[in-house]
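Taking it in order: structure first as C-alpha cells, then the write-up.
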Number of protein chains: 2
Amino acid sequence: MSRSKLIYLPLGGAGEIGMNMYVYGYGAKGKERFILVDCGVAFPDMDSTPGVDLIMADIAWLLARRDRLEAIFITHAHEDHVGALSLLWDRLRAPVYARPFTAAIARLKMKERGHPEEKVKIVQPWPAETEAGPFRVRYLPVSHSIPESSALVIDTPAGRLIHTGDFKLDETPGVGEPWDPEIWREAAAGGVKALICDSTNVFSPHPGRSEATLTDNLAALVAGARGMVVATTFASNVARVKTLAEAGRDAGRSVVLLGRAMQRMVRVAEETGVLTGFPATTPVEDALQVPRENLMLLVTGSQGERRAASAQLSRGKYLGLTLKEGDLFIFSSKTIPGNERSVIQIMNAFSEMGVDVVEGDERYHVSGHANRPDLEAVHDLVKPQMVIPMHGEHRHLREHANLAISKGMAAAVAPNGTMLDISGDAPEVLDHIEAGRTYLDGTVLIGAMDGVVRDRIRMALNGHVTVGVIVDESDEALEDAWVEVKGLPEKGASGAPLVDLIEDEVAEALGQADERTVLDDDKLETLVRRRTRQAAVDLVGRKPEVTVLISRLMAE
Amino acid sequence: MSRSKLIYLPLGGAGEIGMNMYVYGYGAKGKERFILVDCGVAFPDMDSTPGVDLIMADIAWLLARRDRLEAIFITHAHEDHVGALSLLWDRLRAPVYARPFTAAIARLKMKERGHPEEKVKIVQPWPAETEAGPFRVRYLPVSHSIPESSALVIDTPAGRLIHTGDFKLDETPGVGEPWDPEIWREAAAGGVKALICDSTNVFSPHPGRSEATLTDNLAALVAGARGMVVATTFASNVARVKTLAEAGRDAGRSVVLLGRAMQRMVRVAEETGVLTGFPATTPVEDALQVPRENLMLLVTGSQGERRAASAQLSRGKYLGLTLKEGDLFIFSSKTIPGNERSVIQIMNAFSEMGVDVVEGDERYHVSGHANRPDLEAVHDLVKPQMVIPMHGEHRHLREHANLAISKGMAAAVAPNGTMLDISGDAPEVLDHIEAGRTYLDGTVLIGAMDGVVRDRIRMALNGHVTVGVIVDESDEALEDAWVEVKGLPEKGASGAPLVDLIEDEVAEALGQADERTVLDDDKLETLVRRRTRQAAVDLVGRKPEVTVLISRLMAE
C-alpha cells in the first residue's frame with residue numbers, strides 16, 4: 001500500500017487574479033480525502049469571453065472524486081472566493097463552512113439559485129475547529145477589504161498548513177478585525193509545514209497603508225465640495241463605505257445608498273453584527289427633496305460596469321437623480337486592469353456634464369492585499385518549511401516563489417492543475433491535471449473549449465453570412481441562392497451590394513457543381529462556404545463565418 | 001456681405017487621444033478657405049469596434065467643401081497624425097505638406113495604397129513658409145517621441161495661431177531637435193491670437209523628464225543581464241531605439257532589429273538624415289549563430305499587439321529565436337489604457353518561460369508629451385489671447401481649459417464638431433457639426449453608425465441563429481424548419497439539444513400561423529424571429545441575433 005500523502009492542487013486562482021479554488025487532499029494514492037478552499041468566479045471581458053456571464057474553474061477532476069470531498073471552506077465573501085458556490089453546489093453537494101457574514105452572503109446566493117441555505121454552516125473563528133475527514137480547520141482572522149476575512153489553519157496528519165486567503169496587515173481597518181500578529185504567532189508556534197499565501201501585490205515594493213489613513217482625506221474632500229457628492233467603491237468594502245458615509249454625514253449631507261449590492265452589503269453587515277454605527281441613510285425616494293449640496297450618494301460601479309449606478313448616472317438620469325456642473329464624483333477604488341476603458345468613458349461623460357472627478361488618487365484608496373514587505377513579514381512570523389504562492393497571475397506566483405527562496409525557504413510555482421506533494425520537506429510536483437474553465441453563459445454552464453465563445457469571437461471579428469441553397473426533387477441545386485449578411489459592410493469596394501455579389505458567385509458555383517457534390521450535404525456545404533468566403537475576401541477584404549442551409553425538396 | 005471669420009473646427013482628436021484632424025478656415029460665411037492639420041487614425045478595440053482595422057474622423061463636412069480646401073499639413077509621423085492620409089487622400093485630393101522624415105513616412109503609405117507619392121511635398125522648418133489661400137504656415141520644431149515633430153505657426157488675416165501638435169519640453173532628446181525656447185519666443189514675439197495646444201498629459205503634475213535621463217539606466221540594466229536581452233518600444237521612437245541599441249552595443253551585444261516597423265523606421269530615419277551614428281545591426285538570419293548572452297533584440301509590439309514580434313516571441317519561436325530561463329525582456333514603453341490585458345498576457349507567457357520582465361518602470365521610459373507645468377511654461381512663453389486645448393479626451397480638454405482660464409487667458413472646451421470663431425478676443429461657438437467616425441473595415445470604409453459593428457457586437461454577446469423556412473407551391477409553410485446556431489450552447493439547461501428545441505418551437509409557430517402571415521415575408525420573418533428568440537431565452541437564457549431565410553417554391 002502506498003504511503004499517505006498531503007496534496008495541494010489549485011483548480012483556479014493560481015494563474016489569474018480571480019476564481020479561487022484550491023483542493024487539499026490527504027491519504028494513500030487513489031484514496032485521498034479532500035477539502036476544497038474557496039469557490040470563486042472571475043469576470044469575463046469582450047476580448048476573450050464575449051457574452052459570458054461568469055467564469056469559474058472546471059471542476060471535472062473534483063467531480064470524479066466527489067465521494068471523497070469532505071467539505072468546502074470559504075475564506076471570505078468576495079465574488080472571486082464565493083461567487084461560484086451557488087452555481088456549482090448542486091454538483092459538489094458537500095458541506096460548506098464559513099464565518100457568519102460570509103455565510104450570510106453565501107446563503108443569499110444559494111437562495112437565489114434555489115438551493116438550501118442551511119447547507120452553508122456557520123463556524124466561529126480561532127480557536128474553534130471544524131473536522132473534515134483527516135483535516136481539522138480553524139479560521140484565523142485577518143484584515144482585508146471585506147469583513148471577517150480569514151486565513152485557514154489546516155491541521156493534517158502530515159503537519160499544519162496555513163492558507164492565508166486574501167489579506168493585508170492592517171492594524172486599523174475601521175470595520176472588521178485588525179491584523180493581530182499575536183494569534184498568528186500562536187497559530188505558527190508548533191511549526192508550520194506550508195504557508196499557502198496570497199501573491200496579488202508581490203510587485204508592490206512599499207508596506208501597505210491602513211484603511212484608517214483615508215479617513216481624514218475623504219472627510220476633507222467631501223467637506224470642501226460645493227454641489228452633490230457621489231462616491232463609488234466596491235460595495236463589499238464595508239469599511240470604506242462607512243468611512244465615506246461618515247465623511248458625508250460630518251459634512252452635513254444626507255447619505256443615500258444607490259445600487260442593489262451597496263444596499264445589500266450594508267444590510268447584511270449590520271445584520272451579522274460586523275458593522276455598527278453606520279450613519280443614518282436617506283431612501284432614494286426622499287433624496288430628490290434634499291438640496292444637492294446636502295447630498296452624498298454612495299453608489300455601485302467602481303469598475304465602470306455598464307449597468308451599475310455610476311455608469312447609469314454618467315449616461316443621464318438614474319432614479320430621478322442627475323449630476324451637473326459643480327458636482328463631485330469620487331472613485332474611492334483602483335481600476336482593475338481591463339476595466340480602464342469603461343472607467344475612462346464614465347470620467348469623460350461626467351466631464352461633459354461639468355462634474356469634477358477624482359480617480360486614481362492614493363489619498364482616497366488603499367489596497368486590500370499585502371505588499372511585498374508585508375508578505376515578508378508574514379513569512380518571518382510564520383516561518384513555514386515551504387511557501388506555496390497562490391492567488392496571482394503566473395508572474396506573481398513566480399516572483400513570490402523567488403522571494404521565498406531568496407529567504408531560504410522552499411517554494412514552488414504551482415499554477416492551476418499542478419498537483420503538489422507537500423508531505424515532505426519541500427514541495428514536489430506529483431501530477432498535472434487538466435485545469436480548464438467553465439462559463440456561466442446565460443443560464444447554462446459551458447466549457448471554455450466548447451467552441452461557443454470561439455464562434456462568437458469569429459463573428460465579432462469577421463461577420464456572418466447565411467446562404468440558403470435548395471436542391472429540387474430532381475436533385476438539381478437551384479442556382480438562385482439566398483444570401484443574408486450580418487456584421488459585414490453592405491457594399492464592396494466597388495460600390496456594388498455585397499449580398500448580390502455573393503449570390504452571383506454562389507450561383508456560378510452551383511451551376512458548375514457536379515452531381516456528386518450536389519448529392520452530398522457536406523460537399524455541397526463546403527463548396528458554398530468556400531465560394532462565399534472567397535467572394536467576401538475579394539469584395540470587402542474579410543473572411544466571414546458562413547452558415548449554409550441546404551433544403552432538399554422531396555418528390556411527392 | 002458677412003464679415004470674414006477665422007474658424008477652428010476639430011474633426012478628430014478633441015474627444016479622444018488619437019485620430020487627430022483639425023480644420024482651420026478663413027473667409028466670409030460660406031466662402032471660407034480651409035486648411036487641414038493632421039490626418040490620423042485611432043485604433044480599434046474588441047469592446048466597441050470588433051473586427052475594425054482602423055478608425056478615423058468622418059470627413060463628410062469637409063468633402064462637401066473640398067473645392068475650398070487649400071492644403072493638408074502634417075505635424076509629425078505618428079499614426080494618430082498621419083495614418084489616415086493615404087486612406088482619405090483620394091477623396092480629399094489637396095496638396096500635402098510635411099517635413100522630410102514625416103514626408104518619407106507619408107509617402108511610403110501613399111505608395112502602399114497606390115497613390116502618387118509626390119502629392120506629399122517637403123517643407124523646411126521655421127522660418128520657411130508655405131502659402132495656402134489666406135494662410136501662411138511655418139513649421140516650428142518641437143521635441144517629441146519621434147523626430148521632426150513640429151508646431152505650426154499659422155498666420156492669418158485675423159492674426160497668428162500656434163498649433164502645437166504633440167510636444168514635450170526636452171532639451172536633450174537624443175535624436176531630433178531639442179526644445180528651443182528661443183525660436184518659440186521669436187514666433188510669439190508679434191503676439192499670438194490663439195495657442196491650440198496638446199492636452200494629453202495635463203493631469204501629470206510634475207515637469208516632464210528628458211529622454212537623456214534614460215541612457216544610464218538602460219545601459220546599466222542591459223550590462224547587468226545574463227541571457228538574451230529583448231527590448232520593445234514604439235518603433236517610431238527613434239531616439240529610444242538608438243539608446244537601446246547603444247546599451248546593447250556597449251554591453252558587447254549584437255543588435256538585431258525585429259519587426260517590419262522597427263526596421264523601416266530606423267531605415268527611413270537614417271535615409272532622411274534625422275538619425276546618425278546608429279550602432280551596426282546584425283541581420284536576424286545571423287543572430288542564430290550569436291550566443292544568447294551576446295544578443296540584444298529590439299522588437300515591435302510594446303502594446304501587446306497580437307501579430308507583433310513581442311507577442312510572437314511570447315508564444316514561442318519567432319524567426320528561429322526563442323526566449324528562455326535567464327533572459328530579460330524590457331518594456332521601454334507605457335501601456336496605453338485598453339492594452340493592459342494584452343501586455344499582461346505577454347508578461348505571464350514570459351514568466352512561464354522563466355524570462356524576467358521589466359515593465360511600467362519609469363527608469364526605463366519617459367513620456368513624449370508636455371506635463372501640466374510644461375504646458376504652463378508654454379502658455380507663459382507664448383502669451384496667447386486664448387488657449388484652445390486639443391488632442392485629449394473631454395476630461396483633458398476641460399482640465400486644460402480650466403488651467404488656462406485660471407491664469408487669465410480666454411479658453412474654450414471644443415470637442416470634435418465644435419466650430420469656434422476665433423477672430424475676436426475670445427473663442428465663440430459658431431456651430432456644431434456632426435462629427436462621426438469612419439472605419440477601415442477590411443478593404444472598405446464604413447460609417448461608425450452603419451450598424452455593421454453593432455451587429456457584430458450583438459452576435460458576440462448573444463450568438464446567432466439561422467432559421468430556414470420553406471413555403472410550398474400552395475402557400476403553406478412547411479413545418480420542419482431548419483435551424484443552425486453559432487455562438488450558443490449546444491444544449492439547454494435540460495440537456496436537450498438547442499437546435500431541436502428551437503426547430504420544435506418554430507414548427508409549432510408555423511403550424512399555427514394564419515394565411516396572412518404566411519403570405520407576407522415580413523410578417524412571417526417576424527413571427528419566426530420572435531419565436532426563436534423566445535425559445536433561446538427559455539432554453540439558454542440568451543437572446544440571439546436571428547437570420548430567417550424564407551424560400552417560396554413556385555408552382556411550375
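By convention in this document, the chains of the C-alpha cells carry letters A, B, ... by their order, each chain's residues are numbered from 1, and ligands are numbered from 1 in the order they are shown.
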
Counting only C-alpha atoms, a student should be able to say which residues of chain A come within 7 Å of chain B; what is the right answer, written as a ChimeraX atom specification? /A:46-47,50-51,337-338,340-341,348,351-352,393-395,442-444,446,452-453,455-457,459-463,468,486-489,492-493,540-542,549

Please produce a file of the residues just selected, as a compact mmCIF listing (two decimals), in the first residue's frame, where the atoms kept are N, CA, C and O atoms.
# COMPACT_ATOMS: atom_id res chain seq x y z
N MET A 46 -14.68 41.36 -23.13
CA MET A 46 -15.09 41.27 -24.53
C MET A 46 -14.00 40.62 -25.38
O MET A 46 -14.30 39.94 -26.35
N ASP A 47 -12.75 40.82 -25.03
CA ASP A 47 -11.66 40.28 -25.85
C ASP A 47 -11.68 38.76 -25.92
O ASP A 47 -11.55 38.18 -26.98
N PRO A 50 -16.60 37.13 -24.80
CA PRO A 50 -17.78 37.96 -25.05
C PRO A 50 -19.06 37.19 -24.74
O PRO A 50 -19.19 36.02 -25.11
N GLY A 51 -19.99 37.87 -24.12
CA GLY A 51 -21.29 37.29 -23.85
C GLY A 51 -21.35 36.40 -22.63
O GLY A 51 -22.43 36.09 -22.13
N PRO A 337 -7.03 46.08 -14.08
CA PRO A 337 -6.60 46.04 -15.48
C PRO A 337 -7.66 45.40 -16.38
O PRO A 337 -8.18 44.33 -16.06
N GLY A 338 -7.96 46.04 -17.47
CA GLY A 338 -9.01 45.57 -18.36
C GLY A 338 -10.25 46.42 -18.27
O GLY A 338 -11.04 46.47 -19.21
N GLU A 340 -10.10 49.75 -17.67
CA GLU A 340 -9.72 51.16 -17.84
C GLU A 340 -10.66 51.89 -18.80
O GLU A 340 -11.09 53.01 -18.52
N ARG A 341 -10.95 51.27 -19.94
CA ARG A 341 -11.75 51.99 -20.93
C ARG A 341 -13.13 52.33 -20.40
O ARG A 341 -13.67 53.39 -20.65
N ASN A 348 -15.19 60.73 -18.74
CA ASN A 348 -15.42 61.72 -19.79
C ASN A 348 -16.88 62.15 -19.87
O ASN A 348 -17.17 63.31 -20.14
N SER A 351 -17.21 64.59 -17.27
CA SER A 351 -16.54 65.83 -17.69
C SER A 351 -17.46 66.65 -18.58
O SER A 351 -17.55 67.86 -18.45
N GLU A 352 -18.17 65.98 -19.47
CA GLU A 352 -19.09 66.70 -20.36
C GLU A 352 -20.20 67.39 -19.59
O GLU A 352 -20.74 68.41 -20.02
N GLU A 393 -1.40 35.95 -10.98
CA GLU A 393 -1.02 35.51 -12.32
C GLU A 393 0.30 34.76 -12.20
O GLU A 393 0.96 34.81 -11.17
N HIS A 394 0.71 34.14 -13.28
CA HIS A 394 1.95 33.38 -13.23
C HIS A 394 3.12 34.24 -12.73
O HIS A 394 3.93 33.81 -11.90
N ARG A 395 3.18 35.47 -13.23
CA ARG A 395 4.31 36.34 -12.85
C ARG A 395 4.32 36.64 -11.35
O ARG A 395 5.37 36.78 -10.74
N GLY A 442 -25.50 32.82 -20.00
CA GLY A 442 -26.95 32.86 -19.86
C GLY A 442 -27.31 32.04 -18.64
O GLY A 442 -26.85 32.32 -17.54
N THR A 443 -28.09 30.98 -18.85
CA THR A 443 -28.48 30.12 -17.73
C THR A 443 -27.78 28.76 -17.76
O THR A 443 -28.13 27.86 -17.02
N VAL A 444 -26.79 28.61 -18.65
CA VAL A 444 -26.19 27.31 -18.89
C VAL A 444 -24.70 27.34 -18.54
O VAL A 444 -24.04 28.36 -18.76
N ILE A 446 -21.14 26.12 -19.62
CA ILE A 446 -20.47 25.54 -20.79
C ILE A 446 -18.98 25.49 -20.55
O ILE A 446 -18.45 26.22 -19.70
N VAL A 452 -18.11 27.58 -28.37
CA VAL A 452 -19.20 28.56 -28.40
C VAL A 452 -18.62 29.98 -28.43
O VAL A 452 -19.00 30.80 -29.28
N VAL A 453 -17.71 30.24 -27.52
CA VAL A 453 -17.14 31.58 -27.43
C VAL A 453 -16.22 31.84 -28.62
O VAL A 453 -16.18 32.95 -29.16
N ASP A 455 -16.69 30.81 -31.64
CA ASP A 455 -17.56 31.21 -32.75
C ASP A 455 -18.04 32.65 -32.59
O ASP A 455 -18.15 33.39 -33.56
N ARG A 456 -18.33 33.04 -31.36
CA ARG A 456 -18.77 34.43 -31.14
C ARG A 456 -17.67 35.42 -31.50
O ARG A 456 -17.91 36.45 -32.11
N ILE A 457 -16.44 35.08 -31.08
CA ILE A 457 -15.32 35.98 -31.37
C ILE A 457 -15.12 36.07 -32.88
O ILE A 457 -14.92 37.15 -33.44
N MET A 459 -17.39 35.68 -35.22
CA MET A 459 -18.45 36.50 -35.81
C MET A 459 -18.21 37.97 -35.51
O MET A 459 -18.49 38.84 -36.34
N ALA A 460 -17.67 38.26 -34.31
CA ALA A 460 -17.39 39.65 -33.95
C ALA A 460 -16.29 40.24 -34.83
O ALA A 460 -16.31 41.41 -35.17
N LEU A 461 -15.33 39.41 -35.18
CA LEU A 461 -14.20 39.91 -35.96
C LEU A 461 -14.48 39.91 -37.46
O LEU A 461 -13.99 40.76 -38.18
N ASN A 462 -15.29 38.97 -37.91
CA ASN A 462 -15.41 38.76 -39.36
C ASN A 462 -16.83 38.79 -39.91
O ASN A 462 -17.02 38.66 -41.11
N GLY A 463 -17.82 38.95 -39.04
CA GLY A 463 -19.19 38.97 -39.53
C GLY A 463 -19.70 37.58 -39.89
O GLY A 463 -18.99 36.58 -39.74
N GLY A 468 -28.71 30.20 -48.22
CA GLY A 468 -29.72 29.16 -48.34
C GLY A 468 -29.67 28.56 -49.73
O GLY A 468 -29.67 29.28 -50.72
N LYS A 486 -24.68 39.67 -41.88
CA LYS A 486 -24.76 40.43 -40.64
C LYS A 486 -23.34 40.76 -40.21
O LYS A 486 -22.48 39.90 -40.20
N GLY A 487 -23.13 42.03 -39.89
CA GLY A 487 -21.81 42.42 -39.43
C GLY A 487 -20.80 42.50 -40.55
O GLY A 487 -19.60 42.34 -40.33
N LEU A 488 -21.27 42.75 -41.75
CA LEU A 488 -20.38 42.98 -42.88
C LEU A 488 -20.84 44.24 -43.61
O LEU A 488 -22.03 44.56 -43.58
N PRO A 489 -19.91 44.94 -44.27
CA PRO A 489 -20.31 46.15 -45.00
C PRO A 489 -21.37 45.81 -46.04
O PRO A 489 -21.33 44.74 -46.65
N GLY A 492 -19.40 46.43 -51.40
CA GLY A 492 -17.99 46.17 -51.62
C GLY A 492 -17.27 47.44 -51.99
O GLY A 492 -17.89 48.51 -52.13
N ALA A 493 -15.95 47.33 -52.17
CA ALA A 493 -15.15 48.50 -52.51
C ALA A 493 -15.65 49.13 -53.80
O ALA A 493 -15.54 50.34 -54.00
N VAL A 540 -14.73 42.66 -49.81
CA VAL A 540 -14.61 43.56 -48.65
C VAL A 540 -13.37 43.25 -47.80
O VAL A 540 -13.18 43.85 -46.74
N GLY A 541 -12.55 42.31 -48.24
CA GLY A 541 -11.31 42.04 -47.52
C GLY A 541 -11.51 41.37 -46.17
O GLY A 541 -10.76 41.62 -45.23
N ARG A 542 -12.49 40.50 -46.07
CA ARG A 542 -12.82 39.93 -44.77
C ARG A 542 -13.35 38.51 -44.98
O ARG A 542 -14.05 38.24 -45.94
N LEU A 549 -27.53 26.67 -45.33
CA LEU A 549 -28.74 25.88 -45.10
C LEU A 549 -29.11 25.19 -46.40
O LEU A 549 -29.40 25.86 -47.39

For stretch 175-182 of chain B, list every protein, DNA or RNA residue within 7 Å, evaluated using only C-alpha atoms, and leave out those in the same chain fewer than 3 positions away; present the list as a JSON list (two decimals) with N, CA and C atoms, in the first residue's frame.
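The result, written out as out38.json:
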[["chain", "number", "residue", "atom", "x", "y", "z"],
["B", 141, "PRO", "N", 10.04, 73.65, -35.02],
["B", 141, "PRO", "CA", 10.47, 72.38, -34.41],
["B", 141, "PRO", "C", 10.14, 72.31, -32.91],
["B", 142, "VAL", "N", 9.68, 71.14, -32.49],
["B", 142, "VAL", "CA", 9.50, 70.86, -31.06],
["B", 142, "VAL", "C", 10.06, 69.46, -30.77],
["B", 143, "SER", "N", 10.30, 69.19, -29.53],
["B", 143, "SER", "CA", 10.73, 67.83, -29.18],
["B", 143, "SER", "C", 9.50, 66.98, -28.89],
["B", 147, "PRO", "N", 11.18, 61.90, -34.40],
["B", 147, "PRO", "CA", 11.94, 63.04, -34.93],
["B", 147, "PRO", "C", 11.09, 64.02, -35.72],
["B", 148, "GLU", "N", 11.54, 65.26, -35.75],
["B", 148, "GLU", "CA", 10.98, 66.29, -36.64],
["B", 148, "GLU", "C", 9.56, 66.72, -36.29],
["B", 169, "LEU", "N", 8.87, 69.34, -23.59],
["B", 169, "LEU", "CA", 9.98, 70.28, -23.46],
["B", 169, "LEU", "C", 11.23, 69.49, -23.10],
["B", 170, "ASP", "N", 11.93, 69.01, -24.14],
["B", 170, "ASP", "CA", 13.10, 68.18, -23.89],
["B", 170, "ASP", "C", 14.31, 68.84, -24.51],
["B", 171, "GLU", "N", 15.22, 69.29, -23.66],
["B", 171, "GLU", "CA", 16.41, 69.95, -24.20],
["B", 171, "GLU", "C", 17.49, 68.96, -24.60],
["B", 172, "THR", "N", 17.31, 67.69, -24.21],
["B", 172, "THR", "CA", 18.28, 66.64, -24.59],
["B", 172, "THR", "C", 17.53, 65.40, -25.08],
["B", 185, "ARG", "N", 10.04, 81.97, -28.68],
["B", 185, "ARG", "CA", 9.88, 83.38, -28.29],
["B", 185, "ARG", "C", 9.79, 84.25, -29.54],
["B", 186, "GLU", "N", 10.63, 83.90, -30.50],
["B", 186, "GLU", "CA", 10.65, 84.62, -31.77],
["B", 186, "GLU", "C", 9.28, 84.51, -32.46],
["B", 238, "VAL", "N", 12.54, 56.82, -32.38],
["B", 238, "VAL", "CA", 13.86, 56.52, -32.93],
["B", 238, "VAL", "C", 14.95, 56.79, -31.89],
["B", 239, "ALA", "N", 14.75, 57.83, -31.08],
["B", 239, "ALA", "CA", 15.74, 58.15, -30.05],
["B", 239, "ALA", "C", 15.87, 56.99, -29.06],
["B", 274, "VAL", "N", 17.80, 62.21, -40.12],
["B", 274, "VAL", "CA", 17.48, 62.59, -38.74],
["B", 274, "VAL", "C", 18.18, 61.66, -37.74],
["B", 275, "LEU", "N", 18.63, 60.51, -38.22],
["B", 275, "LEU", "CA", 19.29, 59.55, -37.34],
["B", 275, "LEU", "C", 20.69, 59.29, -37.87]]

What's the 12 Å shell around A:Tyr318, counting only C-alpha atoms, without same-chain residues fewer than 3 positions away, as a list in words? Leu258, Gly259, Val284, Glu285, Ala287, Leu288, Leu297, Val299, Arg307, Ala308, Ala309, Ser310, Ala311, Gln312, Leu313, Ser314, Arg315, Leu321, Thr322 and Leu323 of chain A

Which residues in stretch 26-178 of chain A does DSSP call alpha helix (DSSP H)? List them as a ChimeraX atom specification. /A:60-63,79-82,85-92,100-112

Please produce a file of the residues just selected, as a PDB file, in the first residue's frame, where the atoms kept are C-alpha atoms.
ATOM      1  CA  ALA A  60     -14.354  17.832 -13.610  1.00  0.00           C
ATOM      2  CA  TRP A  61     -11.400  16.375 -11.714  1.00  0.00           C
ATOM      3  CA  LEU A  62     -13.054  17.001  -8.382  1.00  0.00           C
ATOM      4  CA  LEU A  63     -16.441  15.714  -9.548  1.00  0.00           C
ATOM      5  CA  GLU A  79     -17.021  37.107  -5.504  1.00  0.00           C
ATOM      6  CA  ASP A  80     -13.706  35.599  -6.533  1.00  0.00           C
ATOM      7  CA  HIS A  81     -13.858  33.381  -3.449  1.00  0.00           C
ATOM      8  CA  VAL A  82     -17.542  32.601  -3.032  1.00  0.00           C
ATOM      9  CA  LEU A  85     -20.544  28.263  -4.825  1.00  0.00           C
ATOM     10  CA  SER A  86     -24.230  28.571  -5.657  1.00  0.00           C
ATOM     11  CA  LEU A  87     -23.503  27.716  -9.306  1.00  0.00           C
ATOM     12  CA  LEU A  88     -21.577  24.539  -8.548  1.00  0.00           C
ATOM     13  CA  TRP A  89     -23.086  23.455  -5.260  1.00  0.00           C
ATOM     14  CA  ASP A  90     -25.615  21.025  -6.722  1.00  0.00           C
ATOM     15  CA  ARG A  91     -22.765  19.207  -8.422  1.00  0.00           C
ATOM     16  CA  LEU A  92     -20.468  19.217  -5.397  1.00  0.00           C
ATOM     17  CA  PRO A 100     -21.290  34.470   9.854  1.00  0.00           C
ATOM     18  CA  PHE A 101     -21.012  37.431   7.471  1.00  0.00           C
ATOM     19  CA  THR A 102     -19.536  35.298   4.704  1.00  0.00           C
ATOM     20  CA  ALA A 103     -22.172  32.645   5.327  1.00  0.00           C
ATOM     21  CA  ALA A 104     -24.944  35.228   5.123  1.00  0.00           C
ATOM     22  CA  ILE A 105     -23.730  36.352   1.712  1.00  0.00           C
ATOM     23  CA  ALA A 106     -23.290  32.750   0.549  1.00  0.00           C
ATOM     24  CA  ARG A 107     -26.767  31.849   1.764  1.00  0.00           C
ATOM     25  CA  LEU A 108     -28.340  34.737  -0.143  1.00  0.00           C
ATOM     26  CA  LYS A 109     -26.707  33.409  -3.283  1.00  0.00           C
ATOM     27  CA  MET A 110     -27.771  29.845  -2.566  1.00  0.00           C
ATOM     28  CA  LYS A 111     -31.333  31.030  -2.086  1.00  0.00           C
ATOM     29  CA  GLU A 112     -31.310  32.953  -5.366  1.00  0.00           C
TER      30      GLU A 112
END

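Residue nearest B:Gly360 within the list A:Phe203, A:Ala94, A:Ser150, A:Leu375: A:Phe203 [criterion: smallest interatomic distance, only C-alpha atoms].
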
Just want the 8 Å neighbourhood of stretch 216-232 of chain B, counted on only C-alpha atoms, with same-chain residues fewer than 2 positions away dropped. Output as a PyMOL selection string. chain B and resi 213-214+234+243-244+246-248+250-251+292-302+310+323+326-333+363-364

Among stretch 213-392 of chain A, which residues does DSSP mark as strand (DSSP E or B) when it is run on the backbone? Keep the chain and numbering as in the structure and answer as an MDAnalysis selection string. chainID A and resid 229:232 254:258 281 295:299 318 321 328:331 356:358 371 386:390 392

Any idea what the distance is between atom CA of A:Ala269 and atom CA of A:Ile146?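 Going from atom CA of A:Ala269 over to atom CA of A:Ile146 covers 9.8 Å.
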
Using only C-alpha atoms, which protein or nucleic acid residues come within 12 Å of B:Asp425? Drop anything in the same chain fewer than 5 positions from it, and give the result as number ranges by chain. B: 6, 158-159, 192-194, 384-387, 409-411

Output for the residues just chosen: C-alpha atoms as a short mmCIF file (atom, residue, chain, number, x, y, z; two decimals), in the first residue's frame:
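Resulting contents of part-v1.cif:
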data_model
loop_
_atom_site.label_atom_id
_atom_site.label_comp_id
_atom_site.auth_asym_id
_atom_site.auth_seq_id
_atom_site.Cartn_x
_atom_site.Cartn_y
_atom_site.Cartn_z
CA LEU B 6 -11.26 82.78 -38.54
CA ALA B 158 -7.07 87.74 -38.26
CA GLY B 159 -3.77 87.13 -36.52
CA VAL B 192 -0.38 85.26 -30.79
CA LYS B 193 -4.12 85.16 -31.10
CA ALA B 194 -4.62 81.54 -30.17
CA PRO B 384 -1.69 83.91 -26.42
CA GLN B 385 -5.00 85.75 -26.24
CA MET B 386 -6.71 82.40 -25.96
CA VAL B 387 -5.86 78.76 -25.41
CA MET B 409 -6.38 83.59 -20.60
CA ALA B 410 -9.54 83.00 -22.61
CA ALA B 411 -10.17 79.32 -23.39
#

Name the residues in contact with B:Asn201 at a cut-off of 8 Å, using only C-alpha atoms, excluding same-chain residues fewer than 2 positions from it; report them as a PyMOL selection string. chain B and resi 199+203-204+369-372+396

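For the pair atom CA of B:Lys317 and atom CA of B:Met353, the separation is 11.9 Å.
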
What's the separation between atom CA of B:Ser254 and atom CA of B:Gln289, in Å to one decimal place?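 So the answer is 10.7 Å.
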
Using only C-alpha atoms, determine which residues lie at most 12 Å from A:Thr526, disregarding the query and same-chain residues fewer than 2 positions distant; provide the list as a list in words. Val467, Val506, Ala509, Leu510, Ala513, Thr517, Val518, Asp520, Asp521, Asp522, Lys523, Leu524, Val528, Arg529, Arg530, Arg531, Thr532, Arg533, Val546, Thr547, Val548, Leu549 and Ile550 of chain A

May I ask which of the residues A:Thr438, A:Thr418, A:Gln263, A:Thr282 is the closest one to A:Gly40, counting only C-alpha atoms?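 Residue with the minimum atom-to-atom distance to A:Gly40: A:Thr438.
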